[in-house]
>>> print(open('data_2.cif').read())   # mmCIF, C-alpha atoms and all ligand atoms
data_run
#
loop_
_atom_site.label_atom_id
_atom_site.label_comp_id
_atom_site.auth_asym_id
_atom_site.auth_seq_id
_atom_site.Cartn_x
_atom_site.Cartn_y
_atom_site.Cartn_z
CA HIS A 1 -9.52 133.85 304.24
CA GLU A 2 -12.67 132.00 303.36
CA GLY A 3 -11.26 128.50 303.39
CA VAL A 4 -9.32 128.74 306.62
CA GLY A 5 -10.88 131.64 308.49
CA GLN A 6 -14.52 130.70 308.22
CA ALA A 7 -13.97 127.20 309.57
CA GLU A 8 -12.11 128.59 312.53
CA GLY A 9 -14.61 131.21 313.71
CA PRO A 10 -16.79 129.05 315.97
CA LEU A 11 -13.77 127.24 317.40
CA PHE A 12 -12.06 130.48 318.23
CA ALA A 13 -14.69 131.70 320.68
CA LYS A 14 -14.43 128.39 322.54
CA TYR A 15 -10.67 128.64 322.65
CA VAL A 16 -10.85 132.19 324.05
CA ALA A 17 -12.96 130.98 326.97
CA LEU A 18 -10.66 128.02 327.66
CA ALA A 19 -7.47 130.06 327.43
CA ASN A 20 -8.91 132.71 329.73
CA ALA A 21 -9.83 130.05 332.27
CA GLY A 22 -6.20 128.90 332.19
CA ALA A 23 -4.88 132.44 332.65
CA LYS A 24 -7.25 132.98 335.59
CA GLY A 25 -6.03 129.78 337.15
CA ILE A 26 -2.54 131.22 337.42
CA GLY A 27 -3.60 134.60 338.74
CA PHE A 28 -4.25 136.80 335.70
CA SER A 29 -7.55 138.42 334.85
CA ASP A 30 -7.37 137.04 331.28
CA VAL A 31 -4.92 136.08 328.53
CA ALA A 32 -4.48 139.71 327.45
CA GLN A 33 -3.14 140.62 330.85
CA MET A 34 -1.00 137.48 330.96
CA TRP A 35 0.63 138.36 327.64
CA GLN A 36 1.13 141.98 328.65
CA ALA A 37 2.85 140.88 331.85
CA GLY A 38 6.00 139.62 330.12
CA TYR A 39 7.84 142.93 329.86
CA ASP A 40 9.33 143.73 333.27
CA MET A 41 6.73 146.42 333.92
CA PRO A 42 3.03 146.51 334.90
CA PRO A 43 0.67 145.49 332.04
CA GLU A 44 -0.95 148.96 331.85
CA GLN A 45 2.44 150.56 331.48
CA PHE A 46 3.30 148.16 328.67
CA GLU A 47 0.10 149.10 326.84
CA ALA A 48 1.05 152.75 327.14
CA GLU A 49 4.59 152.03 325.87
CA VAL A 50 3.21 150.41 322.74
CA ASP A 51 0.99 153.43 322.05
CA ARG A 52 3.91 155.77 322.63
CA LEU A 53 6.10 153.92 320.13
CA TRP A 54 3.31 153.87 317.55
CA GLY A 55 2.86 157.61 318.02
CA GLN A 56 6.53 158.11 317.20
CA VAL A 57 6.38 156.24 313.89
CA LYS A 58 2.87 156.99 312.68
CA PRO A 59 3.79 160.20 310.80
CA LEU A 60 6.30 158.24 308.71
CA TYR A 61 3.77 155.47 308.02
CA ASP A 62 1.19 158.05 306.99
CA GLN A 63 3.58 159.45 304.40
CA LEU A 64 4.32 156.01 302.99
CA HIS A 65 0.61 155.17 302.87
CA CYS A 66 -0.16 158.45 301.10
CA TYR A 67 2.48 157.86 298.43
CA ALA A 68 1.50 154.22 297.94
CA ARG A 69 -2.19 155.10 297.62
CA ARG A 70 -1.49 157.66 294.93
CA GLN A 71 0.63 155.26 292.87
CA LEU A 72 -1.95 152.49 293.28
CA ASN A 73 -4.65 154.92 292.21
CA LYS A 74 -2.64 155.86 289.11
CA THR A 75 -2.21 152.19 288.24
CA TYR A 76 -5.66 150.81 289.02
CA GLY A 77 -7.97 153.83 288.85
CA ASP A 78 -10.63 155.31 291.14
CA LYS A 79 -12.87 152.27 290.97
CA ILE A 80 -10.34 150.06 292.69
CA VAL A 81 -8.58 152.52 294.97
CA GLY A 82 -9.68 156.06 295.69
CA LYS A 83 -7.48 159.17 296.03
CA THR A 84 -8.63 159.43 299.64
CA GLY A 85 -9.73 156.88 302.21
CA PRO A 86 -8.34 153.46 303.03
CA ILE A 87 -6.64 151.18 300.50
CA PRO A 88 -8.29 147.81 299.81
CA ALA A 89 -6.31 144.94 301.28
CA HIS A 90 -5.83 142.85 298.15
CA LEU A 91 -3.44 145.17 296.31
CA PHE A 92 -0.25 144.66 298.28
CA GLY A 93 0.93 141.28 296.99
CA ASN A 94 0.82 139.84 300.49
CA MET A 95 -2.04 137.78 301.92
CA TRP A 96 -2.32 139.95 305.03
CA SER A 97 -1.12 143.32 303.62
CA GLN A 98 1.62 143.18 306.24
CA ASP A 99 4.57 143.50 303.88
CA TRP A 100 4.38 145.66 300.77
CA GLY A 101 7.67 144.56 299.24
CA TYR A 102 6.01 143.19 296.13
CA LEU A 103 4.86 146.73 295.24
CA TYR A 104 8.44 147.88 294.83
CA ASP A 105 8.38 147.95 291.05
CA MET A 106 5.30 150.17 291.07
CA LEU A 107 6.59 152.46 293.80
CA GLU A 108 10.27 152.66 292.84
CA PRO A 109 11.18 156.34 293.31
CA TYR A 110 13.85 156.58 290.58
CA LYS A 111 13.30 154.00 287.87
CA GLY A 112 16.21 151.76 287.06
CA VAL A 113 18.94 153.64 288.94
CA ALA A 114 20.39 150.46 290.39
CA PRO A 115 19.41 146.80 290.58
CA ILE A 116 17.85 145.98 293.92
CA ASP A 117 16.09 142.62 293.56
CA VAL A 118 18.21 139.57 294.32
CA THR A 119 15.59 136.99 293.31
CA PRO A 120 16.89 136.43 289.76
CA VAL A 121 20.34 135.33 290.98
CA LEU A 122 18.86 133.14 293.74
CA ALA A 123 16.46 131.48 291.34
CA LYS A 124 19.26 130.68 288.90
CA GLY A 125 22.26 129.76 291.00
CA TYR A 126 21.07 128.80 294.48
CA ASP A 127 19.31 126.04 296.33
CA ALA A 128 17.74 126.09 299.80
CA LYS A 129 20.86 124.85 301.57
CA LYS A 130 23.07 127.41 299.86
CA MET A 131 20.72 130.19 300.98
CA VAL A 132 20.90 129.00 304.60
CA GLN A 133 24.67 128.73 304.33
CA MET A 134 24.78 132.34 303.18
CA GLY A 135 22.86 133.27 306.33
CA GLU A 136 25.18 131.22 308.52
CA ALA A 137 28.18 132.89 306.89
CA PHE A 138 26.90 136.29 308.00
CA TYR A 139 26.76 135.19 311.63
CA THR A 140 30.16 133.46 311.52
CA SER A 141 31.63 136.61 309.95
CA LEU A 142 30.75 138.30 313.24
CA GLY A 143 32.80 135.72 315.13
CA MET A 144 29.90 133.42 316.01
CA ASP A 145 30.08 129.60 315.79
CA PRO A 146 29.09 127.58 312.75
CA LEU A 147 25.73 125.83 313.09
CA PRO A 148 26.08 122.34 314.61
CA ALA A 149 26.32 119.39 312.21
CA SER A 150 22.98 118.10 313.49
CA PHE A 151 21.30 121.30 312.23
CA TRP A 152 21.97 120.20 308.67
CA GLU A 153 20.76 116.66 309.32
CA LYS A 154 17.58 117.45 311.23
CA SER A 155 16.25 120.65 309.71
CA GLN A 156 13.47 120.75 307.13
CA LEU A 157 14.57 123.27 304.52
CA THR A 158 12.17 122.42 301.69
CA LYS A 159 8.58 121.30 301.49
CA PRO A 160 8.54 117.50 301.60
CA ALA A 161 6.61 115.92 298.74
CA GLY A 162 3.34 114.19 299.52
CA LYS A 163 3.17 115.31 303.13
CA ASP A 164 1.09 118.00 304.77
CA VAL A 165 3.40 120.25 306.79
CA ILE A 166 3.20 123.68 308.38
CA CYS A 167 5.30 125.84 306.09
CA HIS A 168 5.31 128.94 308.30
CA ALA A 169 9.01 129.31 309.13
CA SER A 170 10.17 128.50 312.65
CA SER A 171 13.41 127.90 314.56
CA TRP A 172 13.87 125.43 317.35
CA ASP A 173 16.20 124.21 320.03
CA VAL A 174 14.22 121.04 320.38
CA THR A 175 15.83 119.73 323.58
CA TYR A 176 17.18 122.99 325.04
CA SER A 177 20.68 121.68 324.49
CA ASP A 178 21.92 123.25 321.27
CA ASP A 179 19.68 120.96 319.22
CA LEU A 180 19.14 123.69 316.65
CA ARG A 181 16.79 123.13 313.76
CA LEU A 182 15.05 125.21 311.13
CA LYS A 183 11.65 124.28 309.72
CA MET A 184 10.84 126.07 306.51
CA CYS A 185 9.67 125.49 302.95
CA ILE A 186 12.28 127.65 301.27
CA ASN A 187 11.55 129.20 297.92
CA LEU A 188 14.43 130.62 295.93
CA ASN A 189 13.55 134.27 296.32
CA GLN A 190 14.47 137.43 298.17
CA GLU A 191 11.63 137.20 300.71
CA ASP A 192 12.80 133.79 301.88
CA LEU A 193 16.46 134.81 302.00
CA TRP A 194 15.44 137.56 304.41
CA THR A 195 13.30 135.14 306.43
CA ILE A 196 16.26 132.75 306.72
CA HIS A 197 18.31 135.54 308.31
CA HIS A 198 15.39 136.22 310.67
CA GLU A 199 15.17 132.56 311.69
CA LEU A 200 18.91 132.21 312.22
CA GLY A 201 18.66 135.10 314.67
CA HIS A 202 16.52 132.80 316.83
CA SER A 203 19.03 129.97 316.36
CA TYR A 204 21.99 132.10 317.44
CA TYR A 205 20.08 133.41 320.45
CA PHE A 206 19.27 129.80 321.47
CA HIS A 207 22.92 128.89 320.99
CA ALA A 208 24.15 131.83 323.08
CA TYR A 209 22.07 130.98 326.16
CA TYR A 210 21.56 127.23 326.17
CA LYS A 211 24.02 126.69 329.02
CA LEU A 212 22.18 129.07 331.37
CA PRO A 213 19.71 127.71 333.95
CA ILE A 214 16.59 126.70 332.05
CA ILE A 215 14.52 129.59 333.41
CA TYR A 216 16.91 132.07 331.80
CA GLN A 217 16.91 130.25 328.46
CA ASN A 218 14.77 132.84 326.75
CA GLY A 219 14.96 136.20 325.07
CA ALA A 220 15.32 139.34 327.23
CA ASN A 221 11.75 139.83 326.04
CA ASP A 222 10.03 138.20 323.08
CA GLY A 223 10.59 141.30 320.95
CA PHE A 224 14.35 140.82 321.37
CA HIS A 225 14.04 137.28 320.03
CA GLU A 226 12.30 138.52 316.91
CA ALA A 227 14.70 141.43 316.45
CA ILE A 228 18.03 139.54 316.41
CA GLY A 229 17.83 138.34 312.81
CA ASP A 230 15.94 141.38 311.59
CA THR A 231 18.87 143.50 312.74
CA ILE A 232 21.12 141.45 310.48
CA GLN A 233 18.71 142.12 307.58
CA LEU A 234 19.46 145.83 308.03
CA SER A 235 23.10 145.03 307.28
CA MET A 236 22.15 143.34 303.99
CA THR A 237 22.80 146.55 302.13
CA PRO A 238 23.15 146.77 298.35
CA GLU A 239 26.91 146.91 298.85
CA TYR A 240 26.88 143.72 300.92
CA LEU A 241 24.65 141.98 298.38
CA HIS A 242 26.99 143.06 295.59
CA GLN A 243 29.94 141.71 297.53
CA LYS A 244 28.10 138.38 297.77
CA GLY A 245 27.46 138.31 294.03
CA LEU A 246 23.71 138.82 294.31
CA LEU A 247 23.63 142.26 292.69
CA ASP A 248 25.80 142.95 289.69
CA LYS A 249 26.61 146.54 290.58
CA VAL A 250 26.22 149.09 293.35
CA VAL A 251 25.37 152.69 292.70
CA LYS A 252 26.07 155.27 295.35
CA ASN A 253 24.14 158.48 295.00
CA ASP A 254 21.09 160.15 296.57
CA GLN A 255 18.66 158.53 294.15
CA ALA A 256 19.99 155.07 294.87
CA THR A 257 19.68 155.78 298.61
CA ILE A 258 16.02 156.73 298.26
CA ASN A 259 15.34 153.63 296.19
CA ASP A 260 17.01 151.41 298.75
CA GLN A 261 15.17 153.07 301.61
CA MET A 262 11.88 152.54 299.78
CA LYS A 263 12.67 148.84 299.53
CA VAL A 264 13.36 148.60 303.27
CA ALA A 265 10.35 150.77 304.18
CA LEU A 266 7.91 148.70 302.11
CA SER A 267 8.78 145.82 304.31
CA LYS A 268 9.61 147.32 307.70
CA ILE A 269 7.54 150.54 307.88
CA ALA A 270 4.49 149.06 306.18
CA PHE A 271 4.64 146.31 308.78
CA LEU A 272 4.41 148.55 311.88
CA PRO A 273 0.63 149.10 312.08
CA PHE A 274 -0.02 145.46 311.21
CA GLY A 275 2.36 144.45 313.99
CA ILE A 276 0.42 146.49 316.51
CA LYS A 277 -3.04 145.61 315.20
CA VAL A 278 -2.99 141.86 315.66
CA ASP A 279 -2.66 141.92 319.43
CA LYS A 280 -4.64 145.12 319.92
CA TRP A 281 -7.38 142.95 318.46
CA ARG A 282 -6.58 139.91 320.60
CA TRP A 283 -6.26 142.00 323.77
CA ASP A 284 -9.82 143.26 323.15
CA VAL A 285 -11.03 139.73 322.41
CA PHE A 286 -9.46 138.13 325.50
CA SER A 287 -10.51 140.95 327.81
CA GLY A 288 -14.13 140.51 326.67
CA LYS A 289 -14.35 144.06 325.37
CA VAL A 290 -15.34 142.57 322.05
CA LYS A 291 -17.86 139.73 321.80
CA PRO A 292 -17.73 136.81 319.31
CA ASP A 293 -20.31 138.33 316.97
CA GLN A 294 -18.12 141.44 316.65
CA TYR A 295 -14.77 139.66 316.22
CA ASN A 296 -14.52 140.13 312.48
CA GLN A 297 -15.90 143.67 312.42
CA HIS A 298 -13.44 144.71 315.11
CA TRP A 299 -10.57 143.22 313.09
CA TRP A 300 -11.46 145.42 310.11
CA ASP A 301 -12.10 148.45 312.32
CA LEU A 302 -8.57 148.16 313.67
CA THR A 303 -7.22 147.44 310.19
CA GLN A 304 -8.68 150.74 309.08
CA THR A 305 -7.61 152.68 312.18
CA TYR A 306 -4.00 151.53 312.22
CA GLN A 307 -3.20 150.52 308.64
CA GLY A 308 -5.59 152.69 306.64
CA ILE A 309 -6.63 149.51 304.82
CA SER A 310 -10.12 148.19 304.09
CA ALA A 311 -11.68 144.82 303.27
CA PRO A 312 -11.64 144.25 299.50
CA ALA A 313 -15.12 142.70 299.55
CA GLY A 314 -18.17 142.79 301.81
CA ARG A 315 -17.78 140.70 304.94
CA GLY A 316 -20.59 138.60 306.39
CA SER A 317 -21.40 136.94 309.68
CA ALA A 318 -19.62 133.70 308.68
CA ASP A 319 -16.31 135.43 308.03
CA PHE A 320 -13.45 135.24 310.50
CA ASP A 321 -10.53 136.87 308.75
CA PRO A 322 -8.05 137.04 311.66
CA GLY A 323 -8.17 133.23 311.57
CA ALA A 324 -6.23 133.35 308.30
CA LYS A 325 -3.18 134.59 310.17
CA TYR A 326 -0.89 131.81 311.36
CA HIS A 327 -0.23 133.30 314.80
CA VAL A 328 -3.93 133.77 315.56
CA ALA A 329 -4.72 130.17 314.72
CA GLY A 330 -1.53 128.98 316.41
CA ASN A 331 -1.82 130.97 319.66
CA VAL A 332 1.44 132.84 319.12
CA PRO A 333 1.51 136.34 320.64
CA TYR A 334 2.19 139.01 318.05
CA MET A 335 3.20 142.28 319.77
CA ARG A 336 6.73 140.84 319.76
CA TYR A 337 7.03 141.67 316.05
CA PHE A 338 6.00 145.27 316.57
CA LEU A 339 8.59 145.61 319.33
CA ALA A 340 11.16 143.91 317.10
CA ALA A 341 10.43 146.38 314.32
CA VAL A 342 11.43 149.14 316.73
CA LEU A 343 14.27 147.38 318.55
CA GLN A 344 16.11 146.25 315.43
CA PHE A 345 16.87 149.84 314.50
CA GLN A 346 18.17 150.55 318.02
CA PHE A 347 20.36 147.44 317.79
CA HIS A 348 21.54 148.39 314.30
CA ARG A 349 22.46 151.92 315.39
CA ALA A 350 24.39 150.59 318.39
CA LEU A 351 26.19 147.86 316.41
CA CYS A 352 27.20 150.30 313.67
CA LYS A 353 28.67 152.51 316.35
CA LYS A 354 30.60 149.57 317.84
CA ALA A 355 31.85 148.84 314.34
CA GLY A 356 33.18 152.39 314.13
CA PHE A 357 30.85 153.26 311.27
CA THR A 358 30.17 156.97 311.05
CA GLY A 359 28.16 157.33 307.81
CA PRO A 360 24.37 157.18 307.38
CA LEU A 361 22.76 154.15 309.07
CA THR A 362 21.23 153.05 305.80
CA GLU A 363 24.69 152.35 304.36
CA CYS A 364 26.05 150.52 307.39
CA SER A 365 26.68 146.79 307.25
CA ILE A 366 28.32 145.06 310.18
CA TYR A 367 29.19 142.06 307.98
CA GLY A 368 32.62 140.78 309.00
CA ASN A 369 32.92 143.14 311.95
CA LYS A 370 34.19 141.33 315.03
CA ALA A 371 33.76 144.26 317.43
CA ALA A 372 30.08 144.50 316.58
CA GLY A 373 29.79 140.72 316.74
CA GLU A 374 31.32 140.59 320.19
CA ALA A 375 28.96 143.24 321.52
CA TYR A 376 25.98 141.43 320.00
CA ALA A 377 27.09 138.07 321.41
CA LYS A 378 27.42 139.56 324.86
CA MET A 379 23.80 140.66 324.88
CA LEU A 380 22.61 137.35 323.43
CA ALA A 381 24.45 135.41 326.12
CA MET A 382 22.47 137.20 328.84
CA GLY A 383 19.28 135.45 327.70
CA ALA A 384 16.53 136.28 330.16
CA SER A 385 18.83 136.41 333.19
CA LYS A 386 18.26 140.17 333.63
CA PRO A 387 15.33 142.50 332.91
CA TRP A 388 15.28 143.43 329.23
CA GLN A 389 16.19 147.02 330.10
CA ASP A 390 19.58 145.75 331.29
CA ALA A 391 20.14 143.73 328.13
CA LEU A 392 19.24 146.77 326.02
CA PHE A 393 21.58 148.92 328.07
CA GLU A 394 24.40 146.42 327.63
CA LEU A 395 24.29 146.82 323.85
CA THR A 396 22.98 150.34 323.29
CA GLY A 397 23.46 152.34 326.49
CA GLU A 398 19.69 152.98 326.38
CA ARG A 399 17.07 151.68 328.78
CA ASP A 400 13.88 152.37 326.81
CA MET A 401 12.46 151.08 323.57
CA ASP A 402 12.59 154.08 321.31
CA ALA A 403 11.72 154.74 317.68
CA SER A 404 14.18 157.59 317.21
CA ALA A 405 16.57 155.17 315.50
CA ILE A 406 13.90 154.34 312.90
CA LEU A 407 13.32 158.01 312.23
CA GLN A 408 17.03 158.68 312.01
CA TYR A 409 17.50 155.76 309.60
CA PHE A 410 14.64 156.84 307.32
CA ALA A 411 15.19 160.61 307.48
CA PRO A 412 16.10 160.85 303.75
CA LEU A 413 13.03 158.87 302.66
CA GLN A 414 10.71 160.76 304.97
CA LYS A 415 11.87 164.06 303.51
CA TRP A 416 11.45 162.71 299.98
CA LEU A 417 7.96 161.39 300.74
CA GLU A 418 6.90 164.70 302.25
CA GLU A 419 7.96 166.46 299.05
CA GLN A 420 6.13 163.94 296.87
CA ASN A 421 2.98 164.21 298.99
CA LYS A 422 2.88 168.00 299.08
CA GLY A 423 -0.64 169.26 298.40
CA GLN A 424 -2.13 165.79 298.80
CA GLN A 425 -4.79 164.99 301.33
CA CYS A 426 -3.01 162.28 303.30
CA GLY A 427 -4.66 160.09 305.93
CA TRP A 428 -7.90 158.15 305.52
O1 LIG A 501 6.26 134.68 312.00
C1 LIG A 501 7.30 135.23 311.63
C2 LIG A 501 8.57 134.42 311.50
C3 LIG A 501 8.64 133.32 312.49
S1 LIG A 501 8.89 133.87 314.10
C4 LIG A 501 8.66 133.83 310.11
N1 LIG A 501 7.28 136.55 311.29
C5 LIG A 501 6.07 137.36 311.37
C6 LIG A 501 5.03 136.94 310.34
O2 LIG A 501 5.38 136.21 309.41
O3 LIG A 501 3.88 137.35 310.46
C7 LIG A 501 8.43 137.32 310.85
C8 LIG A 501 7.87 138.64 310.44
C9 LIG A 501 6.54 138.76 311.11
ZN ZN A 502 10.68 134.87 314.50
#
>>> encode(input="data_2.cif", output="structure tokens")
Amino acid sequence: HEGVGQAEGPLFAKYVALANAGAKGIGFSDVAQMWQAGYDMPPEQFEAEVDRLWGQVKPLYDQLHCYARRQLNKTYGDKIVGKTGPIPAHLFGNMWSQDWGYLYDMLEPYKGVAPIDVTPVLAKGYDAKKMVQMGEAFYTSLGMDPLPASFWEKSQLTKPAGKDVICHASSWDVTYSDDLRLKMCINLNQEDLWTIHHELGHSYYFHAYYKLPIIYQNGANDGFHEAIGDTIQLSMTPEYLHQKGLLDKVVKNDQATINDQMKVALSKIAFLPFGIKVDKWRWDVFSGKVKPDQYNQHWWDLTQTYQGISAPAGRGSADFDPGAKYHVAGNVPYMRYFLAAVLQFQFHRALCKKAGFTGPLTECSIYGNKAAGEAYAKMLAMGASKPWQDALFELTGERDMDASAILQYFAPLQKWLEEQNKGQQCGW
């Protein structure tokens, strides 16, 4: 945060003014409004939609936060993390506290009931290409095409030696003609295996719509683009991972379910308030509500409001911590990931239904299911040719983004967390 963020602070205020001038030039009041205008509804309505969705999931986040804080407090003591109040940002094992997956060992509800971490097998028996091939095999199992030969020639899968590259993962159709490529610096671990499946979601979306007129060669909205691969992650159940040889056994009982849900929640529920915070901050910056000398303070105010997380050390006037986030430096809008975090559960619920699965959503994997694959492909092929509500309807029969699928998915964990947190003073 110091090395990258501080250097960026003064440049950022200049960039805000320039970007706003550009947005004005094409008829928007500022960049915030321009970004909010991409959702087939008036910008104010979109803002309200985001707040509504957050309101739906906040009670579940609060329970997870409460449980995590207590375990962290037990481990590190009152000096590092109190029993009440926000949690300092440096304890989550992730540079931005946006994914809490690395806390799993500390937070595991029932110790040692079933293996859940696939990193050991990846580290021993895999290389980067084999991990990408595993991802590809999921998509082809749904009836989708293999990746084009050029993908394997032109992608960057590992960090090249002696060269400074951007390692933040990204997917491309470089010439809008099925010229699919992945740029990543793959490490042999679980986090990167999941990211590969995320990135291939972009690739398969590109592939599904590249023959449409260029103006339709896009996601139904940008949240859809981010949700395609994440939906596949939800099908990477312990049973699927066992089938693939990445876990040596599967255990099916209530304790194993809670453990598995904790693993998914530490990544996907912990992410929700971060996903909303980044562009709540940028909307306030672009609209001029917040001035350059308040940029960093506002970032931490929102971090506390949404995530219940605090700065681990005092911040000074030279600090510009949002600059440490790739998308802030790189001018990539971020609300898309919050929307994706909601949409992926709607997609998963709909696909599991198409697959004829009737059990709990947490156990559903659409791996190998052609009916689900066909339904998914149909939505992907629409690209941006229709409003996103129509694309959503095509797959799910719903016309609104809605967090009820998240709550349905996590109902067992939520109940368990509420029991664990009984008598605690949750919140911050
Ligand atoms: O930036 C990404 C992808 C590329 S679109 C790797 N993600 C967000 C992030 O890393 O902050 C995926 C999850 C959220
Ligand atoms: Zn992405």
>>> closest_residue(input="data_2.cif", among="A:Val328, A:Ala114, A:Ala311, A:Leu182", to="ligand ZN 502 (chain A)", atoms="only C-alpha atoms and all ligand atoms")
A:Leu182
>>> residues_around(input="data_2.cif", residues="range 34-44 of chain A", least_positions_apart="2", cutoff="10 Å", atoms="all atoms listed in the file", output="ChimeraX atom specification")
/A:20,23-24,26-32,46-49,220-223,279,283,333-335,386-389
>>> closest_residue(input="data_2.cif", among="A:Thr195, A:Asn253, A:Thr75, A:Gln414", to="ligand ZN 502 (chain A)", atoms="all atoms listed in the file")
A:Thr195
>>> atom_distance(input="data_2.cif", atom1="CA of Asn331 in chain A", atom2="CA of Val278 in chain A")
11.7 Å
>>> residues_near_ligand(input="data_2.cif", ligand="ligand LIG 501 (chain A)", cutoff="9 Å", atoms="all atoms listed in the file", output="PyMOL selection string")
chain A and resi 96+98-99+168-171+184+195-196+198-199+202+225-226+230+271+275+325-327+332+334+336-338
>>> residues_around(input="data_2.cif", residues="Tyr367 in chain A", least_positions_apart="2", cutoff="7 Å", atoms="only C-alpha atoms", output="list in words")
Phe138, Ser141, Leu142, Ser235, Ser365 and Asn369 of chain A
>>> write_last_selection(input="data_2.cif", atoms="C-alpha atoms", output="short mmCIF file (atom, residue, chain, number, x, y, z; two decimals), in the coordinates of the input")
data_model
loop_
_atom_site.label_atom_id
_atom_site.label_comp_id
_atom_site.auth_asym_id
_atom_site.auth_seq_id
_atom_site.Cartn_x
_atom_site.Cartn_y
_atom_site.Cartn_z
CA PHE A 138 26.90 136.29 308.00
CA SER A 141 31.63 136.61 309.95
CA LEU A 142 30.75 138.30 313.24
CA SER A 235 23.10 145.03 307.28
CA SER A 365 26.68 146.79 307.25
CA ASN A 369 32.92 143.14 311.95
#
>>> residues_around(input="data_2.cif", residues="Gly9 in chain A", least_positions_apart="6", cutoff="8 Å", atoms="all atoms listed in the file", output="list in words")
Ala318, Asp319, Phe320 and Gly323 of chain A
>>> closest_residue(input="data_2.cif", among="A:Ile309, A:Ile366, A:Ile228, A:Leu246", to="ligand ZN 502 (chain A)", atoms="only C-alpha atoms and all ligand atoms")
A:Ile228
>>> atom_distance(input="data_2.cif", atom1="CA of Pro273 in chain A", atom2="CA of Val57 in chain A")
9.3 Å
>>> residues_around(input="data_2.cif", residues="range 356-360 of chain A", least_positions_apart="3", cutoff="10 Å", atoms="only C-alpha atoms", output="list in words")
Arg349, Ala350, Leu351, Cys352, Lys353, Glu363, Cys364, Ser365, Ile366, Asn369, Ala371, Ala372, Gln408, Tyr409, Phe410, Ala411 and Pro412 of chain A
>>> atom_distance(input="data_2.cif", atom1="CA of Thr175 in chain A", atom2="CA of Leu380 in chain A")
18.9 Å
>>> residues_around(input="data_2.cif", residues="Tyr139 in chain A", least_positions_apart="5", cutoff="12 Å", atoms="only C-alpha atoms", output="count of residues only")
34
>>> closest_residue(input="data_2.cif", among="A:Ala341, A:Leu212, A:Leu103, A:Val121", to="ligand ZN 502 (chain A)", atoms="only C-alpha atoms and all ligand atoms")
A:Ala341
>>> closest_residue(input="data_2.cif", among="A:Pro88, A:Gly22, A:Gly219, A:Pro292", to="ligand ZN 502 (chain A)", atoms="all atoms listed in the file")
A:Gly219
>>> closest_residue(input="data_2.cif", among="A:Tyr67, A:Tyr76, A:Phe224, A:Tyr306", to="ligand ZN 502 (chain A)", atoms="all atoms listed in the file")
A:Phe224
>>> residues_near_point(input="data_2.cif", point="(-11.9, 132.4, 307.4)", cutoff="12 Å", atoms="only C-alpha atoms", output="list in words")
His1, Glu2, Gly3, Val4, Gly5, Gln6, Ala7, Glu8, Gly9, Pro10, Leu11, Phe12, Tyr295, Asn296, Arg315, Gly316, Ser317, Ala318, Asp319, Phe320, Asp321, Pro322, Gly323, Ala324, Lys325, Tyr326, Val328 and Ala329 of chain A
>>> axis_aligned_box(input="data_2.cif", around="range 17-22 of chain A", padding_each_side="6 Å", output="JSON")
{"center_x": -9.6, "center_y": 130.4, "center_z": 329.6, "size_x": 18.8, "size_y": 16.7, "size_z": 17.3}
>>> closest_atom_pairs(input="data_2.cif", of="range 147-228 of chain A", to="range 239-245 of chain A", cutoff="12 Å", atoms="only C-alpha atoms", output="JSON lines")
{"residue": "A:Gln190", "atom": "CA", "partner": "A:Leu241", "partner_atom": "CA", "distance": 11.2}
{"residue": "A:Leu193", "atom": "CA", "partner": "A:Leu241", "partner_atom": "CA", "distance": 11.5}
{"residue": "A:Trp194", "atom": "CA", "partner": "A:Leu241", "partner_atom": "CA", "distance": 11.9}
